[in-house]
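What follows is the content of coords.txt, which has compact mmCIF, C-alpha atoms and all ligand atoms:
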# COMPACT_ATOMS: atom_id res chain seq x y z
CA MET E 1 -14.07 4.37 18.94
CA SER E 2 -14.81 3.16 15.40
CA GLU E 3 -13.20 5.05 12.54
CA PRO E 4 -15.35 7.06 10.08
CA TRP E 5 -14.29 4.80 7.20
CA SER E 6 -15.75 1.75 8.97
CA GLN E 7 -19.27 3.26 9.13
CA PRO E 8 -21.89 2.31 6.51
CA MET E 9 -23.02 5.50 4.75
CA ASP E 10 -25.91 6.35 2.44
CA VAL E 11 -24.34 6.45 -1.01
CA GLY E 12 -27.25 8.39 -2.53
CA ALA E 13 -26.78 11.23 -0.05
CA LEU E 14 -22.99 11.21 -0.60
CA ALA E 15 -23.49 11.39 -4.39
CA ASP E 16 -25.96 14.30 -4.09
CA ALA E 17 -23.52 16.15 -1.80
CA GLN E 18 -20.58 15.35 -4.17
CA ALA E 19 -18.71 14.31 -1.03
CA ASP E 20 -14.91 13.95 -0.96
CA PHE E 21 -12.83 11.89 1.45
CA GLU E 22 -9.09 11.50 1.98
CA LEU E 23 -8.29 8.40 3.97
CA ALA E 24 -5.65 5.97 5.22
CA ILE E 25 -6.83 2.54 6.30
CA PRO E 26 -4.36 0.26 8.15
CA LEU E 27 -3.97 -3.05 6.24
CA ALA E 28 -4.68 -4.87 9.49
CA GLU E 29 -8.25 -3.48 9.34
CA LEU E 30 -8.96 -5.06 5.96
CA SER E 31 -10.13 -8.54 6.97
CA ARG E 32 -10.50 -9.91 3.42
CA VAL E 33 -7.00 -8.77 2.45
CA ARG E 34 -5.32 -10.06 5.63
CA PRO E 35 -4.90 -13.71 4.55
CA LEU E 36 -3.36 -12.61 1.22
CA VAL E 37 -0.50 -10.44 2.50
CA GLY E 38 2.77 -11.42 4.17
CA THR E 39 2.83 -8.62 6.77
CA LEU E 40 0.10 -6.38 8.10
CA SER E 41 2.21 -3.28 8.59
CA GLY E 42 1.39 -0.24 6.49
CA ALA E 43 -1.75 1.36 5.24
CA LEU E 44 -3.79 1.81 2.10
CA HIS E 45 -4.09 5.49 1.22
CA GLY E 46 -6.75 6.89 -0.98
CA HIS E 47 -9.16 9.50 -2.13
CA VAL E 48 -12.80 9.11 -3.07
CA HIS E 49 -15.21 11.48 -4.75
CA PHE E 50 -18.93 10.73 -4.94
CA GLU E 51 -21.11 11.96 -7.77
CA ARG E 52 -24.13 11.01 -9.84
CA GLU E 53 -24.15 9.66 -13.34
CA GLY E 54 -27.81 9.76 -14.35
CA GLU E 55 -29.66 7.95 -11.57
CA ILE E 56 -26.60 6.02 -10.43
CA ALA E 57 -24.44 6.92 -7.43
CA VAL E 58 -20.79 6.75 -8.51
CA ALA E 59 -17.62 6.63 -6.41
CA ALA E 60 -14.41 7.73 -8.15
CA LEU E 61 -11.55 6.09 -6.26
CA GLU E 62 -7.80 6.55 -6.21
CA LEU E 63 -5.76 4.22 -4.08
CA ALA E 64 -2.07 3.91 -3.32
CA GLY E 65 0.16 1.92 -1.03
CA THR E 66 2.54 -1.04 -0.89
CA VAL E 67 1.65 -4.48 0.38
CA GLN E 68 4.05 -7.35 1.06
CA LEU E 69 3.07 -10.51 -0.79
CA THR E 70 4.68 -13.93 -0.49
CA CYS E 71 6.41 -15.00 -3.70
CA GLN E 72 4.99 -18.42 -4.60
CA ARG E 73 8.34 -19.54 -6.07
CA CYS E 74 10.77 -18.71 -3.23
CA LEU E 75 8.27 -18.02 -0.40
CA ARG E 76 10.00 -14.76 0.51
CA LEU E 77 8.24 -11.42 0.84
CA MET E 78 8.08 -9.15 -2.16
CA PRO E 79 6.69 -5.59 -2.22
CA TRP E 80 3.66 -5.08 -4.47
CA LYS E 81 2.86 -1.49 -5.34
CA ILE E 82 -0.77 -0.45 -5.44
CA ASP E 83 -1.51 2.56 -7.60
CA GLY E 84 -4.94 2.43 -9.08
CA ARG E 85 -8.09 4.28 -9.89
CA ALA E 86 -11.61 3.12 -10.59
CA ARG E 87 -15.12 4.40 -11.15
CA VAL E 88 -17.59 2.31 -9.24
CA ALA E 89 -21.38 2.29 -9.70
CA LEU E 90 -22.99 1.67 -6.32
CA ILE E 91 -26.16 -0.31 -6.80
CA ALA E 92 -28.64 -1.38 -4.11
CA HIS E 93 -29.65 -4.66 -5.84
CA ASP E 94 -28.02 -7.15 -8.23
CA SER E 95 -30.95 -6.57 -10.62
CA GLN E 96 -29.63 -3.03 -11.29
CA ALA E 97 -26.27 -4.31 -12.59
CA SER E 98 -27.64 -4.48 -16.17
CA SER E 99 -28.43 -0.74 -16.14
CA VAL E 100 -24.83 0.22 -15.21
CA PRO E 101 -22.93 1.86 -18.10
CA GLU E 102 -20.03 -0.22 -19.48
CA GLN E 103 -17.29 2.12 -18.25
CA LEU E 104 -18.35 1.70 -14.61
CA GLU E 105 -17.70 -1.26 -12.30
CA PRO E 106 -20.91 -2.29 -10.55
CA MET E 107 -20.58 -2.88 -6.82
CA LEU E 108 -23.32 -3.86 -4.43
CA ALA E 109 -24.24 -1.36 -1.71
CA PRO E 110 -26.97 -3.29 0.16
CA GLY E 111 -29.85 -1.00 1.07
CA GLY E 112 -28.00 1.85 -0.65
CA LYS E 113 -25.27 1.85 1.98
CA THR E 114 -21.56 1.03 2.05
CA SER E 115 -18.52 1.94 4.12
CA LEU E 116 -15.39 3.47 2.65
CA ARG E 117 -13.51 0.46 3.99
CA ASP E 118 -15.64 -1.99 1.95
CA LEU E 119 -15.21 0.17 -1.12
CA PHE E 120 -11.42 0.34 -0.83
CA GLU E 121 -11.07 -3.29 0.19
CA GLU E 122 -12.95 -4.44 -2.91
CA GLU E 123 -10.65 -2.39 -5.15
CA LEU E 124 -7.50 -3.55 -3.37
CA LEU E 125 -8.55 -7.20 -3.87
CA LEU E 126 -8.92 -6.53 -7.60
CA ALA E 127 -5.45 -4.93 -7.70
CA LEU E 128 -3.67 -7.97 -6.21
CA PRO E 129 -2.23 -10.64 -8.52
CA ILE E 130 -3.83 -14.10 -8.52
CA VAL E 131 -0.38 -15.65 -8.01
CA ALA E 132 2.42 -13.49 -6.59
CA LEU E 133 5.84 -14.11 -8.17
CA HIS E 134 9.05 -12.06 -8.35
CA THR E 135 9.07 -10.62 -11.87
CA ASP E 136 12.79 -11.34 -12.15
CA GLU E 137 13.40 -15.04 -11.46
CA ARG E 138 16.95 -14.27 -10.23
CA ALA E 139 15.44 -12.45 -7.23
CA CYS E 140 14.22 -15.85 -6.00
CA ALA E 141 17.63 -17.55 -5.75
CA PRO E 142 20.27 -15.03 -4.60
CA ALA E 143 23.01 -17.53 -3.60
CA ALA E 144 23.01 -19.23 -7.00
CA SER E 145 24.22 -16.37 -9.18
CA GLN E 146 27.71 -14.87 -9.58
CA GLU E 147 26.43 -11.29 -9.40
CA GLU E 148 25.00 -11.87 -5.96
CA ASP E 149 28.36 -13.30 -4.75
CA SER E 150 30.19 -10.09 -5.54
CA ALA E 151 27.40 -8.08 -3.90
CA VAL E 152 27.99 -9.99 -0.68
CA HIS E 153 31.57 -8.69 -0.43
CA ARG E 154 30.67 -5.07 -0.96
CA PRO E 155 29.18 -4.42 2.49
CA PHE E 156 32.46 -5.55 4.13
CA GLU E 157 34.50 -3.14 2.05
CA ARG E 158 32.14 -0.40 3.11
CA LEU E 159 32.47 -1.48 6.74
CA ALA E 160 36.28 -1.28 6.66
CA GLU E 161 36.05 2.19 5.16
CA LEU E 162 33.55 3.26 7.82
CA LEU E 163 35.75 1.92 10.63
CA LYS E 164 38.74 3.84 9.27
CA ARG E 165 36.69 7.05 9.14
CA THR E 166 35.40 6.52 12.68
CA THR E 167 38.96 6.11 13.97
CA GLU E 168 40.10 9.28 12.22
CA ALA E 169 37.08 11.15 13.59
CA SER E 170 37.75 10.07 17.16
CA VAL E 171 41.42 11.16 16.82
CA ALA E 172 40.24 14.54 15.58
CA ARG E 173 37.85 14.82 18.51
CA GLU E 174 40.67 14.07 20.99
CA ASP E 175 42.74 16.89 19.49
CA THR E 176 39.88 19.34 19.96
CA SER E 177 39.40 18.37 23.58
CA HIS E 178 43.15 18.82 24.23
CA GLY E 179 42.90 22.28 22.71
CA ARG E 180 40.07 23.16 25.03
CA THR E 181 41.92 21.85 28.06
CA LYS E 182 44.90 24.08 27.28
CA LYS E 183 42.70 27.18 26.91
CA SER E 184 40.87 26.77 30.26
ZN ZN E 201 10.63 -15.23 -5.49

Re-express the file's structure as structure tokens.
Amino acid sequence: MSEPWSQPMDVGALADAQADFELAIPLAELSRVRPLVGTLSGALHGHVHFEREGEIAVAALELAGTVQLTCQRCLRLMPWKIDGRARVALIAHDSQASSVPEQLEPMLAPGGKTSLRDLFEEELLLALPIVALHTDERACAPAASQEEDSAVHRPFERLAELLKRTTEASVAREDTSHGRTKKS
């Protein structure tokens, strides 16, 4: 029943095999991310390639997806795009962190094992902002600005146009059916 990405795997063996994985993990399955997002729909997509750098098992990650965060100014949902890559050094003990080259992020793989879910969840947490806010302040207060007022009227204009078209289309359809009736 459990998905392959939820299984702890031996990172040393994966590095020796230069293993590759393509995966999509539903956000609802990421328990540490759950309290930070506004909705649990959607998935985190990614790719991981394992390799060795000297003695160290390395996971090269690419992750992509969109999560809905709650803007801390207006408390409405805002999409946050995830598009990141990282090179992670998987170490069995904290004591090995000092031997990790500077360009790699050390991450603990207790007993030399980790699941792809833990790996991706850790990176997703790093990709989220500490405080989510709409980048454009105007997005927080739509009723207050003049621009938004004119935008409100536009859908009604479109609706009137659509209704007109629908009426014309139904008239045209009636004509066709009359034609058919005459022929038969
Ligand atoms: Zn906002």

| task | Give the residues close to ligand ZN 201 (chain E), within 9 Å, counting only C-alpha atoms and all ligand atoms; write them as a list of chain:residue names. | result |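 What falls inside 9 Å of ligand ZN 201 (chain E) is E:Thr70, E:Cys71, E:Gln72, E:Arg73, E:Cys74, E:Leu75, E:Arg76, E:Leu77, E:Met78, E:Ala132, E:Leu133, E:His134, E:Thr135, E:Asp136, E:Glu137, E:Arg138, E:Ala139, E:Cys140, E:Ala141.
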
| message | Using Å and a single decimal, report how far CA of Ala60 in chain E sits from CA of Gly42 in chain E. | response |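 These two atoms are separated by 23.0 Å.
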
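Rounded to one decimal, CA of Gln7 in chain E and CA of Ser115 in chain E lie 5.2 Å from each other.
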
| request: Figure out the distance between CA of Leu30 in chain E and CA of Leu69 in chain E, please, to one decimal in Å. | output: 14.8 Å

| Spatial sel., origin (-20.2, 19.3, -5.0), limit 12 Å, only C-alpha atoms, listed as an NGL selection string | :E and (13-20 or 49-52)

| field | Selection near range 97-111 of chain E, 8 Å with only C-alpha atoms, sequence-local residues under 3 positions removed, as number ranges by chain | value | E: 11, 56, 86-94, 114

Go ahead and dump the residues you just picked, C-alpha atoms, as a short mmCIF file (atom, residue, chain, number, x, y, z; two decimals), keeping the file's coordinate frame.
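Final output, result_26.cif:
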data_model
loop_
_atom_site.label_atom_id
_atom_site.label_comp_id
_atom_site.auth_asym_id
_atom_site.auth_seq_id
_atom_site.Cartn_x
_atom_site.Cartn_y
_atom_site.Cartn_z
CA VAL E 11 -24.34 6.45 -1.01
CA ILE E 56 -26.60 6.02 -10.43
CA ALA E 86 -11.61 3.12 -10.59
CA ARG E 87 -15.12 4.40 -11.15
CA VAL E 88 -17.59 2.31 -9.24
CA ALA E 89 -21.38 2.29 -9.70
CA LEU E 90 -22.99 1.67 -6.32
CA ILE E 91 -26.16 -0.31 -6.80
CA ALA E 92 -28.64 -1.38 -4.11
CA HIS E 93 -29.65 -4.66 -5.84
CA ASP E 94 -28.02 -7.15 -8.23
CA THR E 114 -21.56 1.03 2.05
#
